[in-house]
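Peer 1: Enclosed is the structure file coords04.cif (mmCIF, C-alpha atoms).
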```
data_work
loop_
_atom_site.label_atom_id
_atom_site.label_comp_id
_atom_site.auth_asym_id
_atom_site.auth_seq_id
_atom_site.Cartn_x
_atom_site.Cartn_y
_atom_site.Cartn_z
CA MET A 114 112.45 -59.20 -36.67
CA ALA A 115 111.73 -60.96 -39.96
CA LEU A 116 112.92 -64.50 -40.52
CA PRO A 117 116.00 -64.96 -42.71
CA VAL A 118 115.33 -65.70 -46.37
CA LYS A 119 116.71 -69.21 -45.93
CA ASP A 120 114.15 -70.03 -43.23
CA GLN A 121 111.35 -68.46 -45.22
CA LEU A 122 112.21 -70.58 -48.25
CA LYS A 123 112.25 -73.65 -46.01
CA TYR A 124 108.77 -73.01 -44.63
CA TRP A 125 107.20 -72.06 -47.96
CA GLY A 126 108.87 -75.06 -49.62
CA LEU A 127 107.47 -77.33 -46.90
CA ALA A 128 103.97 -75.90 -47.45
CA SER A 129 104.27 -76.51 -51.21
CA ALA A 130 105.44 -80.08 -50.61
CA VAL A 131 102.49 -80.77 -48.29
CA PHE A 132 100.11 -79.42 -50.96
CA LEU A 133 101.57 -81.66 -53.68
CA VAL A 134 101.60 -84.75 -51.44
CA ALA A 135 97.97 -84.16 -50.46
CA LEU A 136 97.05 -83.73 -54.10
CA TRP A 137 98.85 -86.96 -54.95
CA PHE A 138 97.30 -89.16 -52.27
CA LEU A 139 93.89 -87.51 -51.82
CA GLY A 140 93.07 -86.55 -55.42
CA ASP A 141 89.83 -88.55 -55.70
CA VAL A 142 88.78 -87.64 -52.15
CA ILE A 143 89.20 -83.89 -52.52
CA LEU A 144 87.70 -83.76 -56.02
CA PRO A 145 84.19 -82.72 -54.82
CA PHE A 146 85.71 -80.05 -52.60
CA VAL A 147 87.88 -78.67 -55.42
CA ILE A 148 84.86 -78.50 -57.74
CA GLY A 149 82.71 -76.98 -55.00
CA GLY A 150 85.38 -74.38 -54.25
CA ALA A 151 85.69 -73.52 -57.93
CA ILE A 152 81.93 -73.04 -58.19
CA ALA A 153 81.88 -70.84 -55.09
CA TYR A 154 84.76 -68.75 -56.43
CA PHE A 155 83.00 -68.41 -59.78
CA LEU A 156 79.72 -67.28 -58.17
CA ASP A 157 81.13 -65.04 -55.42
CA PRO A 158 80.81 -61.85 -57.53
CA VAL A 159 77.13 -62.69 -58.13
CA ALA A 160 76.59 -63.02 -54.39
CA ASP A 161 78.38 -59.72 -53.82
CA ARG A 162 76.15 -58.08 -56.43
CA LEU A 163 73.02 -59.43 -54.72
CA GLU A 164 74.31 -58.18 -51.37
CA GLY A 165 74.76 -54.77 -52.94
CA MET A 166 71.09 -54.90 -53.96
CA GLY A 167 70.06 -55.33 -50.32
CA LEU A 168 69.98 -59.09 -49.77
CA SER A 169 71.85 -60.72 -46.91
CA ARG A 170 74.70 -63.13 -47.65
CA ALA A 171 72.54 -66.09 -46.65
CA ALA A 172 69.66 -64.95 -48.87
CA SER A 173 72.09 -64.37 -51.76
CA ALA A 174 73.49 -67.89 -51.43
CA VAL A 175 69.96 -69.35 -51.30
CA VAL A 176 68.84 -67.41 -54.40
CA ILE A 177 71.91 -68.49 -56.35
CA SER A 178 71.44 -72.11 -55.27
CA LEU A 179 67.77 -72.12 -56.29
CA VAL A 180 68.57 -70.64 -59.70
CA ALA A 181 71.36 -73.18 -60.18
CA LEU A 182 69.05 -76.03 -59.13
CA LEU A 183 66.34 -74.85 -61.54
CA THR A 184 68.89 -74.58 -64.36
CA PHE A 185 70.20 -78.07 -63.61
CA VAL A 186 66.68 -79.54 -63.61
CA LEU A 187 65.86 -77.89 -66.94
CA MET A 188 69.13 -79.13 -68.41
CA ALA A 189 68.46 -82.62 -67.07
CA LEU A 190 64.97 -82.67 -68.59
CA LEU A 191 65.64 -80.95 -71.92
CA VAL A 192 69.27 -80.99 -72.99
CA ILE A 193 71.17 -83.76 -71.20
CA PRO A 194 68.98 -86.67 -72.49
CA LEU A 195 69.45 -85.49 -76.09
CA LEU A 196 73.15 -84.98 -75.49
CA VAL A 197 73.55 -88.49 -74.05
CA GLU A 198 71.47 -89.98 -76.86
CA GLN A 199 73.63 -88.36 -79.54
CA ALA A 200 76.83 -89.35 -77.75
CA VAL A 201 75.71 -93.00 -77.51
CA ALA A 202 74.61 -92.97 -81.15
CA LEU A 203 77.97 -91.52 -82.18
CA PHE A 204 79.82 -94.31 -80.37
CA ASN A 205 77.51 -96.92 -81.91
CA ILE A 206 77.97 -95.62 -85.44
CA ALA A 207 81.74 -95.25 -85.13
CA PRO A 208 82.47 -98.72 -86.65
CA GLN A 209 80.26 -97.90 -89.64
CA LEU A 210 82.03 -94.57 -90.05
CA ALA A 211 85.35 -96.40 -90.02
CA ARG A 212 84.13 -98.77 -92.75
CA ASP A 213 82.84 -95.84 -94.80
CA LEU A 214 86.18 -94.10 -94.41
CA GLN A 215 87.98 -97.22 -95.57
CA GLY A 216 85.70 -97.46 -98.61
CA PHE A 217 86.20 -93.78 -99.42
CA LEU A 218 89.99 -94.11 -99.20
CA SER A 219 90.03 -97.29 -101.26
CA ASP A 220 87.99 -95.63 -104.03
CA HIS A 221 89.89 -92.35 -104.15
CA PHE A 222 93.35 -93.32 -102.84
CA PRO A 223 93.87 -97.00 -103.72
CA SER A 224 97.64 -96.75 -103.18
CA ILE A 225 97.02 -96.54 -99.43
CA PHE A 226 95.91 -100.18 -99.36
CA GLN A 227 98.87 -101.57 -101.26
CA PRO A 228 100.64 -103.87 -98.78
CA GLU A 229 104.09 -102.49 -99.58
CA SER A 230 103.17 -98.82 -99.13
CA THR A 231 104.54 -97.01 -96.08
CA LEU A 232 101.21 -95.33 -95.37
CA HIS A 233 99.42 -98.68 -95.36
CA LYS A 234 101.89 -100.08 -92.85
CA THR A 235 101.50 -96.98 -90.70
CA LEU A 236 97.70 -97.27 -90.70
CA LEU A 237 97.93 -100.95 -89.79
CA SER A 238 100.28 -100.16 -86.92
CA LEU A 239 98.00 -97.37 -85.72
CA GLY A 240 94.95 -99.63 -85.86
CA GLU A 241 96.74 -102.35 -83.91
CA THR A 242 97.77 -99.85 -81.26
CA ILE A 243 94.19 -98.60 -80.92
CA ARG A 244 92.90 -102.17 -80.59
CA GLU A 245 95.48 -102.95 -77.92
CA ARG A 246 95.01 -99.76 -75.94
CA GLY A 247 91.30 -99.21 -76.48
CA GLY A 248 90.23 -101.80 -73.95
CA GLN A 249 92.72 -100.53 -71.41
CA VAL A 250 91.52 -96.93 -71.83
CA PHE A 251 87.87 -98.00 -71.52
CA GLN A 252 88.62 -100.04 -68.39
CA THR A 253 90.55 -97.15 -66.90
CA LEU A 254 87.61 -94.84 -67.47
CA LEU A 255 85.31 -97.34 -65.81
CA ASN A 256 87.59 -97.75 -62.81
CA SER A 257 88.41 -94.05 -62.30
CA ALA A 258 85.17 -92.24 -63.04
CA ALA A 259 82.45 -94.75 -63.23
CA SER A 260 81.60 -95.90 -59.77
CA LEU A 261 77.94 -95.16 -59.23
CA ILE A 262 78.57 -94.45 -55.55
CA ASP A 263 81.31 -91.95 -56.41
CA LEU A 264 79.03 -90.28 -58.93
CA VAL A 265 76.20 -89.99 -56.42
CA LEU A 266 78.56 -88.62 -53.78
CA LEU A 267 79.90 -86.12 -56.30
CA VAL A 268 76.41 -84.92 -57.20
CA VAL A 269 75.42 -84.65 -53.53
CA ILE A 270 78.61 -83.24 -51.99
CA VAL A 271 79.53 -80.64 -54.62
CA PRO A 272 76.36 -78.49 -54.24
CA VAL A 273 76.58 -78.65 -50.43
CA VAL A 274 80.26 -77.66 -50.43
CA ALA A 275 79.62 -74.90 -52.98
CA PHE A 276 76.73 -73.48 -50.93
CA TYR A 277 78.61 -73.34 -47.63
CA LEU A 278 81.78 -71.95 -49.21
CA LEU A 279 79.74 -69.33 -51.05
CA TYR A 280 77.98 -68.39 -47.81
CA ASP A 281 81.23 -68.15 -45.78
CA TRP A 282 83.51 -66.89 -48.57
CA ASP A 283 84.17 -63.42 -47.12
CA HIS A 284 84.68 -64.85 -43.62
CA LEU A 285 87.16 -67.42 -44.94
CA ILE A 286 89.13 -64.75 -46.77
CA ALA A 287 89.23 -62.65 -43.59
CA LYS A 288 90.41 -65.65 -41.53
CA ILE A 289 93.17 -66.43 -44.02
CA ASP A 290 94.23 -62.80 -44.06
CA GLY A 291 94.47 -62.88 -40.27
CA LEU A 292 96.90 -65.81 -40.45
CA LEU A 293 99.34 -64.15 -42.85
CA PRO A 294 102.85 -63.41 -41.55
CA ARG A 295 102.67 -59.80 -40.41
CA ASP A 296 105.99 -58.80 -41.97
CA HIS A 297 104.93 -60.03 -45.40
CA ALA A 298 101.16 -59.48 -45.28
CA PRO A 299 101.16 -56.43 -47.63
CA VAL A 300 103.23 -58.24 -50.26
CA ILE A 301 101.16 -61.41 -49.99
CA ARG A 302 97.94 -59.40 -50.29
CA ASP A 303 99.27 -57.69 -53.41
CA LEU A 304 100.30 -61.02 -54.98
CA ALA A 305 96.95 -62.57 -54.02
CA SER A 306 95.15 -59.64 -55.64
CA GLN A 307 97.11 -60.15 -58.87
CA ILE A 308 96.40 -63.90 -58.81
CA ASP A 309 92.71 -63.21 -58.20
CA HIS A 310 92.64 -60.78 -61.15
CA THR A 311 94.28 -63.38 -63.39
CA LEU A 312 91.93 -66.15 -62.30
CA ALA A 313 88.86 -63.94 -62.48
CA SER A 314 89.76 -62.82 -65.98
CA PHE A 315 90.55 -66.32 -67.16
CA ILE A 316 88.22 -68.70 -65.30
CA ARG A 317 85.10 -66.53 -65.17
CA GLY A 318 85.74 -64.96 -68.55
CA MET A 319 86.79 -68.19 -70.27
CA GLY A 320 83.90 -70.08 -68.65
CA THR A 321 81.49 -67.61 -70.21
CA VAL A 322 83.29 -67.88 -73.57
CA CYS A 323 83.03 -71.70 -73.45
CA LEU A 324 79.32 -71.51 -72.64
CA VAL A 325 78.58 -69.00 -75.42
CA LEU A 326 80.63 -70.83 -78.06
CA GLY A 327 79.31 -74.26 -77.05
CA THR A 328 75.73 -73.01 -77.35
CA TYR A 329 76.47 -71.33 -80.69
CA TYR A 330 78.20 -74.40 -82.16
CA ALA A 331 75.50 -76.79 -80.96
CA ILE A 332 72.55 -74.72 -82.22
CA ALA A 333 74.20 -73.80 -85.53
CA LEU A 334 75.25 -77.39 -86.30
CA MET A 335 71.78 -78.69 -85.48
CA LEU A 336 70.20 -76.05 -87.75
CA VAL A 337 72.49 -77.13 -90.58
CA GLY A 338 71.30 -80.69 -89.98
CA LEU A 339 74.51 -82.34 -88.80
CA GLN A 340 73.52 -85.63 -87.23
CA PHE A 341 75.57 -85.26 -84.05
CA GLY A 342 75.63 -81.47 -83.98
CA LEU A 343 74.63 -81.11 -80.33
CA VAL A 344 77.33 -83.35 -78.89
CA VAL A 345 80.03 -82.04 -81.25
CA GLY A 346 79.14 -78.41 -80.48
CA ALA A 347 79.00 -79.01 -76.73
CA PHE A 348 82.34 -80.82 -76.79
CA ALA A 349 84.00 -78.07 -78.87
CA GLY A 350 82.71 -75.42 -76.48
CA LEU A 351 83.82 -77.39 -73.43
CA ILE A 352 87.47 -77.59 -74.51
CA THR A 353 87.65 -74.02 -75.85
CA PHE A 354 89.53 -73.02 -72.68
CA ILE A 355 92.55 -74.92 -74.04
CA PRO A 356 94.01 -72.47 -76.59
CA TYR A 357 93.25 -73.41 -80.22
CA VAL A 358 92.29 -76.98 -79.26
CA GLY A 359 88.53 -76.45 -79.10
CA SER A 360 88.17 -74.92 -82.54
CA ILE A 361 90.62 -77.31 -84.20
CA VAL A 362 89.31 -80.55 -82.68
CA GLY A 363 85.68 -79.51 -82.95
CA GLY A 364 86.11 -78.25 -86.50
CA VAL A 365 87.90 -81.38 -87.70
CA LEU A 366 85.33 -83.64 -86.05
CA ALA A 367 82.35 -81.67 -87.40
CA VAL A 368 83.73 -81.37 -90.94
CA GLY A 369 84.67 -85.06 -90.91
CA LEU A 370 81.14 -86.05 -89.92
CA ALA A 371 79.73 -83.62 -92.50
CA LEU A 372 81.82 -85.23 -95.26
CA PHE A 373 80.21 -88.61 -94.52
CA GLN A 374 76.70 -87.26 -94.07
CA PHE A 375 76.63 -84.62 -96.84
CA TRP A 376 79.10 -86.05 -99.37
CA GLY A 377 78.38 -84.24 -102.63
CA ASP A 378 76.38 -81.49 -100.89
CA TRP A 379 79.23 -79.03 -100.76
CA LEU A 380 77.01 -76.20 -99.53
CA SER A 381 76.18 -78.05 -96.30
CA ILE A 382 79.81 -79.05 -95.80
CA GLY A 383 80.88 -75.45 -96.39
CA LEU A 384 78.29 -74.24 -93.86
CA VAL A 385 79.67 -76.59 -91.21
CA ALA A 386 83.19 -75.31 -91.86
CA ALA A 387 81.94 -71.70 -91.86
CA ILE A 388 80.33 -72.21 -88.44
CA PHE A 389 83.70 -73.00 -86.85
CA VAL A 390 85.54 -70.30 -88.80
CA SER A 391 82.99 -67.69 -87.72
CA GLY A 392 83.11 -69.04 -84.15
CA GLN A 393 86.87 -68.61 -84.11
CA VAL A 394 86.56 -65.07 -85.48
CA ILE A 395 83.90 -64.16 -82.89
CA GLU A 396 85.99 -65.66 -80.08
CA GLY A 397 89.21 -63.91 -81.08
CA ASN A 398 87.76 -60.49 -81.88
CA VAL A 399 84.73 -60.15 -79.60
CA LEU A 400 84.33 -62.70 -76.80
CA THR A 401 87.88 -63.12 -75.54
CA PRO A 402 88.82 -59.38 -75.61
CA LYS A 403 85.54 -58.39 -73.92
CA LEU A 404 85.16 -61.22 -71.37
CA VAL A 405 88.72 -62.39 -70.70
CA GLY A 406 90.85 -59.36 -71.48
CA SER A 407 93.86 -58.86 -73.65
CA SER A 408 96.39 -59.76 -70.97
CA VAL A 409 95.72 -62.13 -68.09
CA GLY A 410 99.27 -63.35 -67.61
CA LEU A 411 98.60 -66.89 -68.83
CA HIS A 412 100.53 -67.63 -72.00
CA PRO A 413 98.87 -70.39 -74.09
CA VAL A 414 102.02 -72.54 -74.08
CA TRP A 415 102.37 -72.21 -70.27
CA LEU A 416 98.69 -73.10 -69.82
CA ILE A 417 98.90 -76.18 -72.06
CA PHE A 418 102.05 -77.33 -70.24
CA ALA A 419 100.40 -76.89 -66.83
CA LEU A 420 97.31 -78.83 -67.90
CA SER A 421 99.43 -81.63 -69.36
CA ALA A 422 101.81 -81.86 -66.41
CA PHE A 423 99.21 -81.73 -63.64
CA GLY A 424 96.83 -83.98 -65.56
CA THR A 425 99.58 -86.60 -65.96
CA LEU A 426 100.75 -86.39 -62.35
CA PHE A 427 97.47 -85.98 -60.47
CA GLY A 428 94.71 -87.04 -62.88
CA PHE A 429 91.47 -85.14 -63.34
CA VAL A 430 91.76 -83.20 -60.09
CA GLY A 431 95.23 -82.11 -61.24
CA MET A 432 93.72 -80.57 -64.37
CA LEU A 433 91.25 -78.67 -62.20
CA VAL A 434 93.98 -77.08 -60.07
CA ALA A 435 96.37 -76.59 -63.02
CA VAL A 436 94.97 -73.17 -63.99
CA PRO A 437 95.08 -71.67 -60.45
CA VAL A 438 98.58 -73.07 -59.90
CA ALA A 439 99.74 -71.80 -63.30
CA ALA A 440 98.31 -68.35 -62.58
CA SER A 441 99.92 -68.28 -59.13
CA LEU A 442 103.33 -69.35 -60.41
CA GLY A 443 103.13 -66.79 -63.19
CA VAL A 444 102.41 -63.96 -60.75
CA ILE A 445 105.12 -65.13 -58.33
CA THR A 446 107.65 -65.47 -61.16
CA ARG A 447 106.97 -61.93 -62.39
CA PHE A 448 107.32 -60.68 -58.80
CA ALA A 449 110.62 -62.52 -58.42
CA LEU A 450 111.89 -61.02 -61.68
CA ARG A 451 111.00 -57.51 -60.50
CA GLN A 452 112.82 -58.16 -57.23
CA TYR A 453 115.83 -59.49 -59.14
CA LYS A 454 116.00 -56.41 -61.39
CA ASP A 455 115.93 -54.18 -58.31
CA SER A 456 118.70 -56.15 -56.61
CA ARG A 457 122.44 -55.58 -56.51
CA LEU A 458 122.89 -58.95 -58.23
CA TYR A 459 121.30 -57.53 -61.39
CA ARG A 460 122.26 -53.86 -61.15
CA GLY A 461 125.77 -54.33 -59.83
CA LEU A 462 127.56 -52.74 -56.91
CA ASP A 463 128.13 -49.43 -58.69
CA ALA A 464 124.52 -48.96 -59.87
CA GLN A 465 122.94 -45.68 -58.90
CA ASP A 466 119.50 -45.61 -57.35
CA PRO A 467 116.89 -44.07 -59.65
CA ASP A 468 115.70 -40.61 -58.76
#
```
Just dump the structure as structure tokens.

Peer 2:
Amino acid sequence: MALPVKDQLKYWGLASAVFLVALWFLGDVILPFVIGGAIAYFLDPVADRLEGMGLSRAASAVVISLVALLTFVLMALLVIPLLVEQAVALFNIAPQLARDLQGFLSDHFPSIFQPESTLHKTLLSLGETIRERGGQVFQTLLNSAASLIDLVLLVVIVPVVAFYLLYDWDHLIAKIDGLLPRDHAPVIRDLASQIDHTLASFIRGMGTVCLVLGTYYAIALMLVGLQFGLVVGAFAGLITFIPYVGSIVGGVLAVGLALFQFWGDWLSIGLVAAIFVSGQVIEGNVLTPKLVGSSVGLHPVWLIFALSAFGTLFGFVGMLVAVPVAASLGVITRFALRQYKDSRLYRGLDAQDPD
């Protein structure tokens, strides 16, 4: 006999509370395992494809790991040093850019620097806030992400966790399936399948979109001659998964840098702007429909809210689990709405059953 709904809600609520408490207290500890699990989930279809070609699961995991290791080494030798160099140079030149911006504004918009102007007071207030908070933000970054030991552990643990999870993925899924409540196993399997479809469409598809766009932005900006094209393009591609944010932030940053570097050369400035416009067109009309799909059940507003809320509450690890949690809640909410519309509460006591 199935448990009453009240008892079911109690147990599922307790499980959710345990998950949130663990995320709150063990966020930094479980970070490598969350990243490793995400990598294993991302690569599981590749392993399945290799198994279909005749390799064993162990051989598939080894092949994937070797390819990933080779890719990481090539990135470390070729791309990452240039990326770090441009990022450091961008931080070093930021004060000069600020002085150039002040000179540009004073020449073209002198009213801004009149002491009695509202805009001048606003800029002064903003600058004071940045000076006050800048040191705190930098110190927070150092304390939360900068420990060399934590970084080494992250680099060492994540590949090991990813390898073993990838190797045992099918066994883990079978074990979890064996622990499902028998009365609700079919429903849970159906919901899990919908969640998996949503995550596969979004995470794997959007990950590919971010990689393609980041590569396109970086190469195109470097060909135009933008001084920090590689780091700007990589950053814009990285945050493309947040709806509209990647193209807007990357475009504003790139065009702003182009204005300082190419002032008067309107062709180069126009090319920089055209790169992001074309990237947005390609993403919206080609990449996202083909790789992500037209409907994955994750509304942009819901996704941004989930990222903001979980990032604020649980830090970086919260942002990592925000998408899976948002996808799961979306699927469960749609299921609950279907159940509600089939219930007497919605249809009324006199409703006739459909034929």

Peer 1: From the list A:Val175, A:Val434, A:Leu372, A:Met188, which residue is nearest A:Ala151 when using all atoms listed in the file?

Peer 2: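 Using all atoms listed in the file, the shortest distance to A:Ala151 belongs to A:Val434.
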
Peer 1: Can you tell me how far atom CA of A:Ala333 sits from atom CA of A:Ser381, in Å to one decimal?

Peer 2: 11.7 Å

Peer 1: Apply the PyMOL selection byres ((chain A and resi 350) around 6) to the file shown and report the selected residues as a list of chain:residue names.

Peer 2: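 Listing what the PyMOL selection byres ((chain A and resi 350) around 6) selects in the shown file: A:Cys323, A:Leu326, A:Gly327, A:Ala347, A:Phe348, A:Ala349, A:Leu351, A:Ile352, A:Thr353.
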
Peer 1: What's the separation between atom CA of A:Gly167 and atom CA of A:Leu182, in Å to one decimal place?

Peer 2: 22.5 Å

Peer 1: Once the PyMOL selection byres ((chain A and resi 301) around 12) has been applied to the shown file, what residues remain in the selection, as JSON, numbers by chain?

Peer 2: {"A": [289, 290, 291, 292, 293, 294, 295, 296, 297, 298, 299, 300, 302, 303, 304, 305, 306, 307, 308, 309, 441, 444, 445, 448]}

Peer 1: Please, could you write that set of residues out with C-alpha atoms as a PDB file, in the coordinates of the input?

Peer 2:
```
ATOM      1  CA  ILE A 289      93.170 -66.430 -44.020  1.00  0.00           C
ATOM      2  CA  ASP A 290      94.230 -62.800 -44.060  1.00  0.00           C
ATOM      3  CA  GLY A 291      94.470 -62.880 -40.270  1.00  0.00           C
ATOM      4  CA  LEU A 292      96.900 -65.810 -40.450  1.00  0.00           C
ATOM      5  CA  LEU A 293      99.340 -64.150 -42.850  1.00  0.00           C
ATOM      6  CA  PRO A 294     102.850 -63.410 -41.550  1.00  0.00           C
ATOM      7  CA  ARG A 295     102.670 -59.800 -40.410  1.00  0.00           C
ATOM      8  CA  ASP A 296     105.990 -58.800 -41.970  1.00  0.00           C
ATOM      9  CA  HIS A 297     104.930 -60.030 -45.400  1.00  0.00           C
ATOM     10  CA  ALA A 298     101.160 -59.480 -45.280  1.00  0.00           C
ATOM     11  CA  PRO A 299     101.160 -56.430 -47.630  1.00  0.00           C
ATOM     12  CA  VAL A 300     103.230 -58.240 -50.260  1.00  0.00           C
ATOM     13  CA  ARG A 302      97.940 -59.400 -50.290  1.00  0.00           C
ATOM     14  CA  ASP A 303      99.270 -57.690 -53.410  1.00  0.00           C
ATOM     15  CA  LEU A 304     100.300 -61.020 -54.980  1.00  0.00           C
ATOM     16  CA  ALA A 305      96.950 -62.570 -54.020  1.00  0.00           C
ATOM     17  CA  SER A 306      95.150 -59.640 -55.640  1.00  0.00           C
ATOM     18  CA  GLN A 307      97.110 -60.150 -58.870  1.00  0.00           C
ATOM     19  CA  ILE A 308      96.400 -63.900 -58.810  1.00  0.00           C
ATOM     20  CA  ASP A 309      92.710 -63.210 -58.200  1.00  0.00           C
ATOM     21  CA  SER A 441      99.920 -68.280 -59.130  1.00  0.00           C
ATOM     22  CA  VAL A 444     102.410 -63.960 -60.750  1.00  0.00           C
ATOM     23  CA  ILE A 445     105.120 -65.130 -58.330  1.00  0.00           C
ATOM     24  CA  PHE A 448     107.320 -60.680 -58.800  1.00  0.00           C
TER      25      PHE A 448
END
```

Peer 1: Please write as a list in words the list of polymer residues whose atoms come within 12 Å of (74.3, -61.7, -56.3), counting all atoms listed in the file and keeping to the coordinates of the file.

Peer 2: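 The requested residues, written out, are Ala153, Phe155, Leu156, Asp157, Pro158, Val159, Ala160, Asp161, Arg162, Leu163, Glu164, Gly165, Met166, Gly167, Leu168, Ser169, Arg170, Ala171, Ala172, Ser173, Ala174, Val175, Val176, Ile177, Ser178, Val180, Leu279 and Tyr280 of chain A.
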
Peer 1: Quick one: which residues end up in the PyMOL selection byres ((chain A and resi 345) around 8) for this structure, as a VMD selection string?

Peer 2: chain A and resid 330 to 331 341 to 344 346 to 349 363 366 to 367

Peer 1: Calculated over only C-alpha atoms, which of the candidates A:Leu450, A:Trp125, A:Ile355, A:Val337 has the smallest distance to A:Ile388?

Peer 2: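 Using only C-alpha atoms, A:Ile388 sits closest to A:Val337.
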
Peer 1: What is the atom CA of A:Leu179-atom CA of A:Val147 distance in Å, reported with one decimal?

Peer 2: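 Distance reported for this atom pair: 21.2 Å.
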
Peer 1: Just checking: using all atoms listed in the file, which residue out of A:Phe373, A:Phe276, A:Phe418, A:Phe427 ends up closest to A:Tyr154?

Peer 2: A:Phe276

Peer 1: Find the residues around A:Val268 up to 12 Å (all atoms listed in the file counted), leave out those fewer than 6 positions away in its own chain, and share them as a list in words.

Peer 2: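 Close residues of A:Val268: Leu144, Pro145, Phe146, Ile148, Gly149, Leu182, Phe185, Leu261, Ile262, Val274 and Ala275 of chain A.
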
Peer 1: Do a neighbour search on A:Ala386 at 7 Å with only C-alpha atoms, toss out local chain neighbours closer than 3 positions, and write the hits as an MDAnalysis selection string.

Peer 2: chainID A and resid 364 368 382:383 389:390

Peer 1: Here is a test: counting all atoms listed in the file, which residue of A:Leu187, A:Val322, A:Leu122, A:Ala419 is nearest to A:Pro437?

Peer 2: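 Using all atoms listed in the file, the shortest distance to A:Pro437 belongs to A:Ala419.
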